[in-house]
Amino acid sequence: MEQINIIMQKDYERATLLLGDLFEIDSDIIEQINCCIQNYGIGSFFKNLKTFDFPADVAEKLNAVGMVLYGMSEESLPVAQIFKEPKGGAIYEKKL
């Protein structure tokens with residue numbers, strides 16, 4: 001069980017460092033994100049972002065990442081953005 005916790009801790013630290021690189025934020029904020037993820041787990045961290053004391057720009061970016069990871073189902077998209085067939089990308093270009 002301890003080995004699983006160590007693996008998860010390293011994964012959380014890696015995820016936090018990647019978020020820090022992506023957002024170009026201070027090491028203090030990276031450490032704060034890491035502590036929150038360690039304490040709450042990834043899923044609960046993103047679900048409870050509003051309860052943490054992050055700067056507004058960081059909270060907005062974290063919220064966007066959470067939406068990509070957990071909230072991009074058809075139910076969460078506005079009706080105008082739900083496509084019935086591909087409208088772009090490599091597969092669509094091959095058809096042309």
# chains A, B, ... in the order shown; residues from 1 in each chain; ligands from 1
$ residues_around --residues "Gly43 of chain A" --least-positions-apart "4" --cutoff "12 Å" --atoms "only C-alpha atoms" --output "MDAnalysis selection string"
chainID A and resid 12 36:39 47:49 65:67 69:71
$ closest_residue --among "A:Ala59, A:Lys50, A:Phe23, A:Asn34" --to "Lys10 of chain A" --atoms "only C-alpha atoms"
A:Asn34
$ closest_residue --among "A:Ile42, A:Met8, A:Ala56, A:Ala15" --to "Ile30 of chain A" --atoms "only C-alpha atoms"
A:Ala15
$ residues_around --residues "Ile25 of chain A" --least-positions-apart "6" --cutoff "10 Å" --atoms "only C-alpha atoms" --output "list in words"
Leu17, Leu19 and Val58 of chain A
$ closest_residue --among "A:Glu60, A:Leu18, A:Ser44, A:Asp53" --to "Gln32 of chain A" --atoms "only C-alpha atoms"
A:Asp53
